[in-house]
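Below is the file run_32.csv, which contains CSV, C-alpha atoms and all ligand atoms.
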```
chain,number,residue,atom,x,y,z
A,3,MET,CA,36.4,-6.8,4.2
A,4,LYS,CA,34.7,-6.1,7.5
A,5,LYS,CA,31.0,-6.8,7.6
A,6,PHE,CA,28.5,-4.2,8.8
A,7,ASP,CA,24.9,-4.4,9.9
A,8,LEU,CA,23.0,-2.4,7.3
A,9,ILE,CA,19.5,-1.0,7.1
A,10,ALA,CA,17.6,0.0,4.0
A,11,THR,CA,14.8,2.2,5.2
A,12,SER,CA,11.5,1.9,3.4
A,13,ALA,CA,8.2,3.8,3.0
A,14,MET,CA,5.3,2.1,4.7
A,15,GLY,CA,4.0,-0.7,2.4
A,16,LEU,CA,7.0,-1.0,0.2
A,17,GLU,CA,9.1,-3.2,2.5
A,18,ALA,CA,8.6,-6.4,0.4
A,19,LEU,CA,9.8,-4.6,-2.8
A,20,VAL,CA,12.9,-3.2,-1.0
A,21,ALA,CA,13.6,-6.7,0.4
A,22,LYS,CA,13.4,-8.1,-3.1
A,23,GLU,CA,15.8,-5.5,-4.4
A,24,VAL,CA,18.3,-6.2,-1.5
A,25,ARG,CA,18.1,-10.0,-2.3
A,26,SER,CA,18.7,-9.4,-5.9
A,27,LEU,CA,21.9,-7.6,-5.0
A,28,GLY,CA,22.9,-10.8,-3.4
A,29,TYR,CA,22.3,-10.1,0.3
A,30,GLU,CA,20.1,-12.1,2.5
A,31,CYS,CA,17.8,-9.8,4.5
A,32,GLU,CA,15.1,-9.5,7.1
A,33,VAL,CA,12.0,-7.5,6.8
A,34,GLU,CA,10.7,-5.3,9.6
A,35,ASN,CA,8.3,-2.4,9.7
A,36,GLY,CA,9.8,0.3,7.6
A,37,ARG,CA,13.2,-1.3,7.4
A,38,ILE,CA,15.1,-4.1,5.8
A,39,THR,CA,18.2,-5.3,7.6
A,40,PHE,CA,21.1,-7.1,6.0
A,41,GLN,CA,24.8,-7.6,6.4
A,42,GLY,CA,27.5,-6.5,4.0
A,43,ASP,CA,30.9,-5.0,3.6
A,44,GLU,CA,31.9,-1.6,2.2
A,45,LEU,CA,31.0,-2.8,-1.3
A,46,ALA,CA,27.5,-3.5,-0.1
A,47,ILE,CA,27.2,0.1,1.2
A,48,ALA,CA,28.2,1.4,-2.3
A,49,ARG,CA,26.0,-1.1,-4.2
A,50,SER,CA,22.9,-0.7,-2.1
A,51,ASN,CA,23.1,3.1,-2.4
A,52,LEU,CA,23.6,3.0,-6.1
A,53,TRP,CA,21.0,0.3,-6.9
A,54,LEU,CA,18.1,0.4,-4.5
A,55,ARG,CA,15.2,2.0,-6.5
A,56,THR,CA,12.5,1.8,-3.8
A,57,ALA,CA,14.4,2.3,-0.5
A,58,ASP,CA,14.6,5.7,1.2
A,59,ARG,CA,18.1,5.5,2.6
A,60,VAL,CA,20.9,3.1,3.5
A,61,LYS,CA,22.1,3.3,7.1
A,62,ILE,CA,24.8,1.5,9.1
A,63,LYS,CA,23.6,0.1,12.4
A,64,ALA,CA,26.3,1.1,14.9
A,65,GLY,CA,24.6,-0.5,17.9
A,66,GLU,CA,21.3,-1.8,19.2
A,67,PHE,CA,20.5,-2.3,22.9
A,68,LYS,CA,17.9,-2.0,25.6
A,69,ALA,CA,18.1,1.3,27.4
A,70,TYR,CA,15.8,2.2,30.3
A,71,THR,CA,18.0,4.9,31.9
A,72,PHE,CA,20.2,7.7,30.6
A,73,ASP,CA,23.2,5.9,32.2
A,74,GLU,CA,22.5,2.8,30.2
A,75,LEU,CA,22.2,4.8,27.0
A,76,PHE,CA,25.4,6.6,27.8
A,77,GLU,CA,27.5,3.5,28.7
A,78,ARG,CA,26.2,1.4,25.8
A,79,THR,CA,26.8,4.2,23.3
A,80,LYS,CA,30.3,4.7,24.6
A,81,ALA,CA,31.0,1.0,24.2
A,82,ILE,CA,30.5,1.2,20.4
A,83,PRO,CA,33.9,1.5,18.6
A,84,TRP,CA,33.2,4.9,17.2
A,85,GLU,CA,36.8,5.4,16.2
A,86,GLN,CA,36.3,2.8,13.6
A,87,PHE,CA,33.8,5.0,11.8
A,88,LEU,CA,34.6,8.6,12.8
A,89,PRO,CA,37.9,10.3,12.1
A,90,GLU,CA,39.2,13.0,14.4
A,91,ASN,CA,37.7,15.8,12.3
A,92,ALA,CA,34.3,14.1,11.7
A,93,GLU,CA,31.2,16.3,11.8
A,94,PHE,CA,28.6,14.2,13.7
A,95,PRO,CA,25.2,15.7,14.4
A,96,VAL,CA,22.9,13.5,16.4
A,97,SER,CA,19.2,13.4,15.8
A,98,GLY,CA,16.7,11.3,17.6
A,99,LYS,CA,13.2,9.9,18.0
A,100,SER,CA,11.4,7.9,20.7
A,101,GLN,CA,8.3,5.8,20.7
A,102,LYS,CA,6.7,3.9,23.6
A,103,SER,CA,9.9,4.2,25.6
A,104,LYS,CA,10.9,5.2,29.1
A,105,LEU,CA,13.5,7.6,27.7
A,106,PHE,CA,11.0,9.8,25.9
A,107,SER,CA,12.9,13.2,26.0
A,108,VAL,CA,14.4,13.2,22.6
A,109,PRO,CA,16.7,16.3,23.2
A,110,ASP,CA,18.1,14.6,26.3
A,111,CYS,CA,18.7,11.3,24.4
A,112,GLN,CA,20.5,13.2,21.6
A,113,ALA,CA,22.7,15.1,24.0
A,114,ILE,CA,23.7,11.9,25.9
A,115,VAL,CA,24.5,10.0,22.7
A,116,LYS,CA,26.6,13.0,21.5
A,117,LYS,CA,28.4,13.2,24.9
A,118,ALA,CA,29.1,9.4,24.9
A,119,ILE,CA,30.6,9.5,21.4
A,120,VAL,CA,32.7,12.6,22.3
A,121,GLU,CA,34.0,10.9,25.4
A,122,ARG,CA,34.9,7.7,23.5
A,123,LEU,CA,36.7,9.7,20.7
A,124,ARG,CA,38.5,12.0,23.1
A,125,LYS,CA,40.1,9.0,24.8
A,126,HIS,CA,41.0,7.4,21.4
A,127,TYR,CA,42.4,10.5,19.8
A,128,LYS,CA,43.9,11.8,23.1
A,129,LYS,CA,42.1,15.1,22.9
A,130,THR,CA,41.5,17.4,25.7
A,131,SER,CA,39.8,20.3,23.8
A,132,TRP,CA,36.6,20.2,21.7
A,133,PHE,CA,36.5,18.5,18.3
A,134,GLU,CA,36.4,21.0,15.5
A,135,GLU,CA,34.0,18.9,13.4
A,136,ASN,CA,35.1,20.4,10.1
A,137,GLY,CA,35.6,17.1,8.3
A,138,PRO,CA,33.3,14.4,6.6
A,139,LEU,CA,29.7,14.2,7.7
A,140,PHE,CA,28.4,11.3,9.8
A,141,LYS,CA,24.7,11.9,10.6
A,142,ILE,CA,23.9,9.8,13.6
A,143,GLU,CA,20.4,8.9,14.8
A,144,VAL,CA,19.3,7.4,18.1
A,145,ALA,CA,15.9,5.8,17.6
A,146,LEU,CA,14.2,4.4,20.7
A,147,VAL,CA,11.3,2.0,20.2
A,148,LYS,CA,9.9,0.1,23.1
A,149,ASP,CA,13.0,0.8,25.1
A,150,VAL,CA,15.4,-0.5,22.4
A,151,ALA,CA,17.9,2.0,21.2
A,152,THR,CA,19.1,1.7,17.6
A,153,ILE,CA,22.0,3.9,16.8
A,154,THR,CA,22.6,4.4,13.1
A,155,ILE,CA,24.9,6.3,10.8
A,156,ASP,CA,23.3,7.6,7.5
A,157,ALA,CA,25.3,6.4,4.5
A,158,SER,CA,23.2,8.0,1.8
A,159,GLY,CA,23.2,11.8,2.4
A,160,SER,CA,20.3,13.1,0.4
A,161,GLY,CA,17.4,10.6,0.3
A,162,LEU,CA,17.7,7.9,-2.4
A,163,HIS,CA,14.7,9.4,-4.2
A,164,LYS,CA,17.1,12.2,-5.2
A,165,ARG,CA,18.4,10.6,-8.4
A,166,GLY,CA,20.0,13.8,-9.7
A,167,TYR,CA,17.8,14.3,-12.7
A,168,ARG,CA,15.0,16.4,-11.4
A,169,VAL,CA,15.5,19.9,-12.8
A,170,ASP,CA,12.0,21.0,-12.1
A,171,GLN,CA,8.6,19.7,-11.0
A,172,GLY,CA,4.9,20.2,-11.1
A,173,GLU,CA,2.5,20.7,-8.2
A,174,ALA,CA,2.3,17.1,-7.1
A,175,PRO,CA,5.4,15.2,-8.3
A,176,LEU,CA,5.6,11.6,-7.3
A,177,LYS,CA,8.6,10.6,-5.2
A,178,GLU,CA,11.0,8.7,-7.5
A,179,THR,CA,11.1,5.7,-5.1
A,180,LEU,CA,7.3,5.4,-5.3
A,181,ALA,CA,7.3,5.8,-9.0
A,182,ALA,CA,9.8,3.0,-9.4
A,183,ALA,CA,7.7,0.9,-7.0
A,184,LEU,CA,4.6,1.4,-9.2
A,185,VAL,CA,6.5,0.2,-12.2
A,186,MET,CA,8.0,-2.8,-10.4
A,187,LEU,CA,4.5,-3.9,-9.2
A,188,THR,CA,3.4,-4.3,-12.8
A,189,ASN,CA,3.9,-7.1,-15.4
A,190,TRP,CA,5.8,-4.7,-17.7
A,191,THR,CA,8.8,-6.0,-19.5
A,192,PRO,CA,11.0,-3.6,-21.5
A,193,ASP,CA,9.9,-5.2,-24.8
A,194,ARG,CA,6.4,-4.0,-24.2
A,195,PRO,CA,5.0,-0.4,-24.8
A,196,PHE,CA,4.6,1.7,-21.8
A,197,ALA,CA,2.6,4.9,-21.2
A,198,ASP,CA,1.7,7.4,-18.5
A,199,PRO,CA,-1.1,9.6,-19.7
A,200,PHE,CA,-0.8,11.9,-16.6
A,201,CYS,CA,2.9,12.1,-16.6
A,202,GLY,CA,3.3,15.6,-15.0
A,203,SER,CA,7.1,16.1,-14.6
A,204,GLY,CA,7.7,12.6,-16.1
A,205,THR,CA,8.7,10.7,-12.9
A,206,ILE,CA,7.0,7.4,-13.9
A,207,PRO,CA,8.2,7.2,-17.5
A,208,ILE,CA,11.8,8.2,-16.4
A,209,GLU,CA,11.9,5.5,-13.7
A,210,ALA,CA,10.5,3.0,-16.2
A,211,ALA,CA,13.2,3.8,-18.7
A,212,LEU,CA,15.9,3.4,-16.0
A,213,ILE,CA,14.4,0.0,-15.1
A,214,GLY,CA,14.0,-0.9,-18.7
A,215,GLN,CA,17.7,-0.4,-19.4
A,216,ASN,CA,18.8,-1.6,-16.0
A,217,ILE,CA,20.5,1.7,-15.2
A,218,ALA,CA,21.4,2.1,-11.5
A,219,PRO,CA,19.2,4.9,-10.2
A,220,GLY,CA,22.0,6.4,-8.2
A,221,PHE,CA,24.5,6.5,-11.0
A,222,ASN,CA,24.3,10.3,-11.5
A,223,ARG,CA,24.7,11.4,-7.9
A,224,GLU,CA,27.0,11.3,-4.9
A,225,PHE,CA,26.5,9.7,-1.5
A,226,VAL,CA,27.8,11.0,1.8
A,227,SER,CA,29.7,7.8,2.5
A,228,GLU,CA,31.9,8.5,-0.6
A,229,SER,CA,33.6,11.1,1.6
A,230,TRP,CA,34.5,8.6,4.4
A,231,ASP,CA,38.1,7.6,4.3
A,232,TRP,CA,37.6,4.0,5.4
A,233,ILE,CA,35.6,3.2,2.3
A,234,SER,CA,38.4,3.2,-0.3
A,235,ARG,CA,37.8,5.0,-3.6
A,236,SER,CA,38.4,1.7,-5.4
A,237,VAL,CA,35.3,0.3,-3.8
A,238,TRP,CA,33.1,3.0,-5.3
A,239,ASP,CA,35.0,2.7,-8.6
A,240,GLN,CA,34.3,-1.0,-8.6
A,241,ALA,CA,30.5,-0.5,-7.8
A,242,ARG,CA,30.2,2.2,-10.5
A,243,THR,CA,32.1,0.0,-13.1
A,244,GLU,CA,29.8,-2.9,-12.2
A,245,ALA,CA,26.8,-0.6,-12.7
A,246,GLU,CA,28.1,0.6,-16.0
A,247,ASP,CA,28.7,-3.0,-17.2
A,248,MET,CA,25.2,-4.1,-16.1
A,249,ALA,CA,23.4,-1.3,-17.9
A,250,ASN,CA,21.7,-2.4,-21.1
A,251,TYR,CA,21.9,0.8,-23.2
A,252,ASP,CA,21.0,-1.2,-26.3
A,253,GLN,CA,17.6,-2.3,-25.0
A,254,PRO,CA,15.1,-0.5,-27.2
A,255,LEU,CA,12.2,1.1,-25.3
A,256,GLU,CA,8.8,2.4,-26.3
A,257,ILE,CA,7.9,4.7,-23.5
A,258,THR,CA,5.6,7.7,-23.7
A,259,GLY,CA,4.4,10.3,-21.3
A,260,SER,CA,1.6,12.7,-21.9
A,261,ASP,CA,-0.2,15.4,-19.9
A,262,ILE,CA,-2.8,18.0,-20.5
A,263,ASP,CA,-0.5,20.7,-19.3
A,264,HIS,CA,2.2,21.7,-21.9
A,265,ARG,CA,4.4,23.4,-19.3
A,266,LEU,CA,4.7,20.1,-17.4
A,267,VAL,CA,5.4,18.2,-20.7
A,268,ASN,CA,8.4,20.6,-21.1
A,269,ILE,CA,9.6,20.0,-17.6
A,270,ALA,CA,9.3,16.2,-18.1
A,271,LYS,CA,11.4,16.6,-21.3
A,272,GLU,CA,14.1,18.5,-19.4
A,273,ASN,CA,14.1,15.9,-16.6
A,274,ALA,CA,14.5,13.0,-19.0
A,275,PHE,CA,17.2,14.9,-20.8
A,276,GLU,CA,19.1,15.4,-17.5
A,277,ALA,CA,18.7,11.7,-16.7
A,278,GLY,CA,20.4,11.0,-20.1
A,279,LEU,CA,17.2,9.5,-21.5
A,280,GLY,CA,16.3,12.4,-23.8
A,281,GLU,CA,16.0,10.2,-26.9
A,282,LEU,CA,14.4,7.2,-25.2
A,283,VAL,CA,11.2,8.6,-23.7
A,284,THR,CA,8.7,10.5,-25.8
A,285,PHE,CA,6.6,13.3,-24.1
A,286,LYS,CA,3.7,15.1,-25.7
A,287,GLN,CA,0.9,17.3,-24.6
A,288,MET,CA,-2.4,15.4,-24.8
A,289,ARG,CA,-5.6,14.9,-22.7
A,290,VAL,CA,-6.1,11.3,-21.5
A,291,GLN,CA,-9.5,11.5,-23.3
A,292,ASP,CA,-7.6,11.5,-26.6
A,293,PHE,CA,-5.4,8.6,-25.8
A,294,THR,CA,-5.2,6.1,-28.8
A,295,THR,CA,-2.7,3.6,-29.8
A,296,GLN,CA,-2.1,1.0,-32.5
A,297,ASN,CA,0.3,-0.9,-30.2
A,298,GLN,CA,-0.7,-4.1,-28.3
A,299,TYR,CA,0.1,-5.6,-25.0
A,300,GLY,CA,1.2,-2.3,-23.5
A,301,VAL,CA,1.2,-1.2,-19.9
A,302,ILE,CA,-0.2,2.1,-18.5
A,303,VAL,CA,1.1,3.2,-15.1
A,304,SER,CA,-0.4,6.5,-13.9
A,305,ASN,CA,-1.0,8.8,-11.0
A,306,PRO,CA,-4.0,11.0,-12.1
A,307,PRO,CA,-5.4,13.8,-10.0
A,308,TYR,CA,-7.2,12.5,-7.0
A,309,GLY,CA,-9.8,15.3,-6.8
A,310,GLU,CA,-9.1,16.0,-3.1
A,311,ARG,CA,-9.2,19.7,-3.4
A,312,LEU,CA,-12.4,21.5,-2.8
A,313,GLY,CA,-14.5,21.8,-5.9
A,314,GLU,CA,-12.4,19.4,-7.9
A,315,LYS,CA,-14.0,16.1,-7.1
A,316,SER,CA,-16.8,15.9,-9.6
A,317,ALA,CA,-14.7,17.1,-12.5
A,318,VAL,CA,-12.1,14.5,-11.7
A,319,GLU,CA,-14.8,11.8,-11.4
A,320,GLN,CA,-16.2,12.8,-14.8
A,321,MET,CA,-12.6,12.6,-16.2
A,322,TYR,CA,-12.3,9.1,-14.7
A,323,LYS,CA,-15.4,8.1,-16.6
A,324,GLU,CA,-14.0,9.5,-19.9
A,325,MET,CA,-10.7,7.7,-19.2
A,326,GLY,CA,-12.5,4.4,-18.8
A,327,LYS,CA,-14.2,4.9,-22.2
A,328,VAL,CA,-10.9,5.1,-24.0
A,329,LEU,CA,-8.8,2.7,-21.9
A,330,ILE,CA,-11.2,-0.2,-21.3
A,331,PRO,CA,-11.5,-1.1,-25.0
A,332,LEU,CA,-7.7,-1.6,-25.2
A,333,ASP,CA,-8.1,-5.2,-24.0
A,334,THR,CA,-4.5,-6.2,-24.6
A,335,TRP,CA,-3.2,-3.4,-22.4
A,336,SER,CA,-2.7,-3.6,-18.6
A,337,VAL,CA,-3.7,-0.5,-16.8
A,338,TYR,CA,-2.4,0.5,-13.3
A,339,ILE,CA,-3.8,3.5,-11.6
A,340,MET,CA,-3.0,5.0,-8.2
A,341,THR,CA,-5.6,7.2,-6.7
A,342,SER,CA,-7.2,8.0,-3.3
A,343,ASN,CA,-10.7,8.0,-4.8
A,344,GLU,CA,-12.5,5.0,-3.2
A,345,ASP,CA,-15.1,5.0,-6.0
A,346,PHE,CA,-12.6,4.9,-8.8
A,347,GLU,CA,-13.8,1.6,-10.2
A,348,LYS,CA,-17.4,2.8,-10.4
A,349,PHE,CA,-16.4,5.9,-12.4
A,350,TYR,CA,-13.9,4.1,-14.6
A,351,GLY,CA,-16.5,1.6,-15.4
A,352,LYS,CA,-14.8,-1.7,-14.5
A,353,PRO,CA,-13.9,-3.6,-11.3
A,354,ALA,CA,-10.1,-3.9,-10.9
A,355,THR,CA,-8.4,-7.3,-11.3
A,356,LYS,CA,-6.6,-6.5,-8.1
A,357,LYS,CA,-6.1,-3.6,-5.7
A,358,ARG,CA,-3.2,-2.8,-3.4
A,359,LYS,CA,-3.1,-0.3,-0.6
A,360,LEU,CA,-0.3,2.2,-1.0
A,361,PHE,CA,0.7,5.5,0.7
A,362,ASN,CA,1.6,8.5,-1.4
A,363,GLY,CA,3.3,10.4,1.4
A,364,PHE,CA,0.5,10.6,4.0
A,365,ILE,CA,-2.3,10.0,1.5
A,366,ARG,CA,-3.8,6.6,1.6
A,367,THR,CA,-4.4,5.4,-2.0
A,368,ASP,CA,-5.3,2.2,-3.8
A,369,TYR,CA,-3.3,0.9,-6.7
A,370,TYR,CA,-6.0,-0.3,-9.1
A,371,GLN,CA,-4.7,-3.0,-11.4
A,372,TYR,CA,-6.4,-4.1,-14.6
A,373,TRP,CA,-4.6,-7.0,-16.2
A,374,GLY,CA,-4.8,-7.1,-20.0
A,375,LYS,CA,-4.7,-10.2,-22.2
A,376,ARG,CA,-1.4,-12.1,-22.1
A,377,PRO,CA,0.8,-11.7,-25.2
A,378,PRO,CA,0.8,-14.9,-27.3
A,379,ARG,CA,3.7,-17.2,-26.6
A,380,GLU,CA,6.3,-17.1,-29.4
A,381,ASN,CA,6.6,-20.4,-31.3
A,382,LYS,CA,9.9,-21.9,-30.7
B,401,LIG,C1,-0.8,13.9,-9.7
B,401,LIG,S1,-0.2,14.7,-11.1
B,401,LIG,C2,1.0,13.6,-11.8
B,401,LIG,C3,2.3,13.8,-11.3
B,401,LIG,C4,3.4,13.0,-11.9
B,401,LIG,N1,3.3,11.6,-11.7
B,401,LIG,C5,4.8,13.6,-11.5
B,401,LIG,O1,5.6,12.8,-11.0
B,401,LIG,O2,5.1,14.7,-11.8
B,401,LIG,C6,-1.6,14.6,-12.2
B,401,LIG,C7,-1.3,15.2,-13.6
B,401,LIG,O3,-2.5,15.0,-14.4
B,401,LIG,C8,-2.6,16.0,-15.3
B,401,LIG,N2,-4.0,16.0,-15.9
B,401,LIG,C9,-5.1,16.5,-15.3
B,401,LIG,N3,-6.2,16.2,-16.1
B,401,LIG,C10,-5.7,15.6,-17.2
B,401,LIG,C11,-6.3,15.1,-18.3
B,401,LIG,N4,-7.7,15.2,-18.5
B,401,LIG,N5,-5.5,14.5,-19.3
B,401,LIG,C12,-4.2,14.4,-19.1
B,401,LIG,N6,-3.6,14.9,-18.0
B,401,LIG,C13,-4.3,15.5,-17.0
B,401,LIG,C14,-2.2,17.2,-14.5
B,401,LIG,O4,-1.7,18.3,-15.4
B,401,LIG,C15,-1.1,16.7,-13.6
B,401,LIG,O5,0.2,16.9,-14.2
```

Exercise: express the given structure as C-alpha cells:
Amino acid sequence: MKKFDLIATSAMGLEALVAKEVRSLGYECEVENGRITFQGDELAIARSNLWLRTADRVKIKAGEFKAYTFDELFERTKAIPWEQFLPENAEFPVSGKSQKSKLFSVPDCQAIVKKAIVERLRKHYKKTSWFEENGPLFKIEVALVKDVATITIDASGSGLHKRGYRVDQGEAPLKETLAAALVMLTNWTPDRPFADPFCGSGTIPIEAALIGQNIAPGFNREFVSESWDWISRSVWDQARTEAEDMANYDQPLEITGSDIDHRLVNIAKENAFEAGLGELVTFKQMRVQDFTTQNQYGVIVSNPPYGERLGEKSAVEQMYKEMGKVLIPLDTWSVYIMTSNEDFEKFYGKPATKKRKLFNGFIRTDYYQYWGKRPPRENK
C-alpha cells in the first residue's frame, strides 16, 4: 500500500503521550510542537483514528514547502497530485492560518490554495465548468508558519475527543482526550481500584474503563476518511476486527465515580451506558468529604472545581482542606488531582510527590501527583 505522511495533532503539553501511543501502534514518529508526524498506509489512517486516545485529529500531509509569494503558494500547491486524493465530486473547503510569515492574509492564502487545486483537478478530470462538490468531504488546511506552508487533509471528521458516548454533560466537562491523558499519566493498572470523587458527567471513569479493557476509543464512531473511495472498506473492516480482537472484555474492573450533584451522577450513568460500560463503572451521589474505602492500592484521578469564579475561591479551598483530611490517611492509594489553584498543596495539607503543568483548554493547571505505597510483590 502507498505510504502517506501523517500528522496526529496534539493539545499543548500532551505531545509525548500522543507519540507514545503512535509508537505503540507500531509507527516510528517525530515529535514537534502540537503535532506528531509519522508515515503510514491506509491501514495506519484507520488504526490511528480508531486508537489514539490523546490526539485531537489525524491529518494527511499533502505537501510542505517554503512560500514567500502567492505565486509560489499557487504553483507548489498545484504540483501536489490532488487527483490521487480527491474524486471529481469531492467537497473540499479550504481553511487557513498564518504565523510569522510573509503571506499573512489568511483569506488570500485560502483562495489561492483553492484555485490551485481546482486548476489541477480541472486538467485531470478534463472539466471546463465548476465542480459541483456534492461528494465526500476533504477538509483542507493551509498552515503557514515562518514561511513554510503545510497543506493537510483532515482524516478524522469530528475531533477524536468525540467518542460517540456523550449523551449529556455538566457545566465543565473534561475533554475526553485530556481525561484519557490524566489516566495514562498515572501508575494505575486495571487490577487496581480506581475512583473519581468529582466525576461530573463521568469522563475520567469512562476513559479509565476503556483503557482498562483496551477498548479502542473510536470504536463507536465514524470518521470522515471512511467515505473516501481510495481507502477500501476492507481496510476499515480489518482495523475494526483488530480492535475487536484486542479488546479485553473479560478484564474485571473496579471503577467508581461520585459527585455531590445527583443530576450529574445520572448523566454519568447515561454516558457510561452509551459507551457500553453500564455494568462496569459504578456511579453514586456522594460528597468527597464522605469518601471512604476498604480497598487498598487504589488510584484516584480527579478534576475538582478550581474556584475561579467570583466568590467561589474560599469555599473551594475549604473543600480542598476537607478532601486532604479524608484522602491523605489512605496511604496505599495514589491521588492525582488537576487544578489551577496554585496553593492546592497548602490547602490539601501535603506537598505533592510530583507536579506536571497541563492545560485544560486555555486554563493553565497543575497535575498534583501523590504516590501511594507500592503494592507488595506477589511471591512467585
Ligand atoms: C470540574 S467538574 C468535573 C467535571 C468532570 N471531570 C466531567 O468530565 O464532567 C467538578 C465537579 O465537582 C463536583 N463537586 C463540587 N464539590 C464537590 C464535593 N464537595 N464533593 C464531590 N463533588 C463535588 C461538581 O458537582 C462538579 O461536577

> Taking all atoms listed in the file into account, which residues are within 9 Å of ligand LIG 401 (chain B), as a PyMOL selection string?
Replying inline: chain A and resi 171-178+181+198-207+260-267+270+287-293+304-308+318+321-322+324-325+341

Could you list, with a cut-off of 10 Å and counting only C-alpha atoms, the residues of region 161-253 of chain A near region 7-14 of chain A, each shown with its nearest atom pair and the distance in Å rounded to one decimal, rows sorted by chain and ascending number, as a tab-separated table?
```
residue	atom	partner	partner_atom	distance
A:Leu162	CA	A:Thr11	CA	9.9
A:Thr179	CA	A:Ala13	CA	8.8
A:Leu180	CA	A:Ala13	CA	8.5
```

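Minimum distance to Ala274 (chain A) across A:Ala245, A:Val169, A:Leu123, A:Leu16 (counting only C-alpha atoms) occurs at A:Val169.
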
Can I get the residues of region 118-145 of chain A within 12 Å of region 228-239 of chain A, each with the closest pair of atoms and their distance in Å to one decimal, using only C-alpha atoms, sorted chain first then ascending number, as a Markdown table?
```
| residue | atom | partner | partner_atom | distance |
| --- | --- | --- | --- | --- |
| A:Gly137 | CA | A:Ser229 | CA | 9.2 |
| A:Pro138 | CA | A:Ser229 | CA | 6.0 |
| A:Leu139 | CA | A:Ser229 | CA | 7.9 |
| A:Phe140 | CA | A:Trp230 | CA | 8.6 |
```

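Nearest residue to Thr188 (chain A) among A:Leu279, A:Val226, A:Val60, A:Ile302 is A:Ile302, counting all atoms listed in the file.
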
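Summary of the local environment: counting all atoms listed in the file, residues at most 7 Å from Arg168 (chain A), other than itself and those fewer than 2 positions away along its chain, are A:Gly166, A:Asp170, A:Asn273.
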
> Do you have the CA of Asp193 (chain A)-CA of Thr56 (chain A) distance handy?
Replying inline: 22.3 Å

> In Å, with one decimal, what is the gap from CA of Ala249 (chain A) to CA of Ile213 (chain A)?
Replying inline: 9.5 Å

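The nearest approach to Val337 (chain A) among the residues A:Ile114, A:Val301, A:Leu45, A:Leu105, with all atoms listed in the file taken into account, belongs to A:Val301.
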
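The residue that comes closest to Glu66 (chain A), out of A:Tyr127, A:Thr39, A:Pro109, A:Ala145 and on the basis of all atoms listed in the file, is A:Ala145.
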
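Near Leu52 (chain A), within 9 Å and counting only C-alpha atoms, sit Ile47, Leu162, Ala218, Pro219, Gly220, Phe221, Arg223, Phe225, Ala241, Arg242 and Ala245 of chain A; same-chain residues fewer than 5 positions away were not included.
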
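Between Asn362 (chain A) and the residues A:Glu314, A:Leu184, A:Ala57, A:Ala151, the shortest atom-to-atom distance, using only C-alpha atoms, involves A:Leu184.
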
How would region 57-68 of chain A look with N, CA and C atoms restored, written as a short mmCIF file (atom, residue, chain, number, x, y, z; two decimals), keeping the file's coordinate frame?
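In the end it all went to result.cif:
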```cif
data_model
loop_
_atom_site.label_atom_id
_atom_site.label_comp_id
_atom_site.auth_asym_id
_atom_site.auth_seq_id
_atom_site.Cartn_x
_atom_site.Cartn_y
_atom_site.Cartn_z
N ALA A 57 14.07 2.00 -1.93
CA ALA A 57 14.40 2.30 -0.50
C ALA A 57 14.59 3.81 -0.35
N ASP A 58 14.39 4.29 0.89
CA ASP A 58 14.60 5.70 1.20
C ASP A 58 16.04 6.07 1.44
N ARG A 59 16.71 5.21 2.21
CA ARG A 59 18.10 5.50 2.60
C ARG A 59 18.81 4.19 2.94
N VAL A 60 20.13 4.24 2.96
CA VAL A 60 20.90 3.10 3.50
C VAL A 60 21.62 3.67 4.75
N LYS A 61 21.52 2.88 5.84
CA LYS A 61 22.10 3.30 7.10
C LYS A 61 23.00 2.17 7.64
N ILE A 62 23.99 2.53 8.44
CA ILE A 62 24.80 1.50 9.10
C ILE A 62 24.29 1.46 10.56
N LYS A 63 24.03 0.24 11.01
CA LYS A 63 23.60 0.10 12.40
C LYS A 63 24.87 0.02 13.25
N ALA A 64 25.12 1.07 14.06
CA ALA A 64 26.30 1.10 14.90
C ALA A 64 26.12 0.28 16.15
N GLY A 65 24.87 0.27 16.64
CA GLY A 65 24.60 -0.50 17.90
C GLY A 65 23.10 -0.57 18.10
N GLU A 66 22.69 -1.60 18.82
CA GLU A 66 21.30 -1.80 19.20
C GLU A 66 21.23 -2.42 20.54
N PHE A 67 20.54 -1.80 21.48
CA PHE A 67 20.50 -2.30 22.90
C PHE A 67 19.34 -1.78 23.63
N LYS A 68 19.03 -2.48 24.73
CA LYS A 68 17.90 -2.00 25.60
C LYS A 68 18.47 -0.83 26.43
#
```
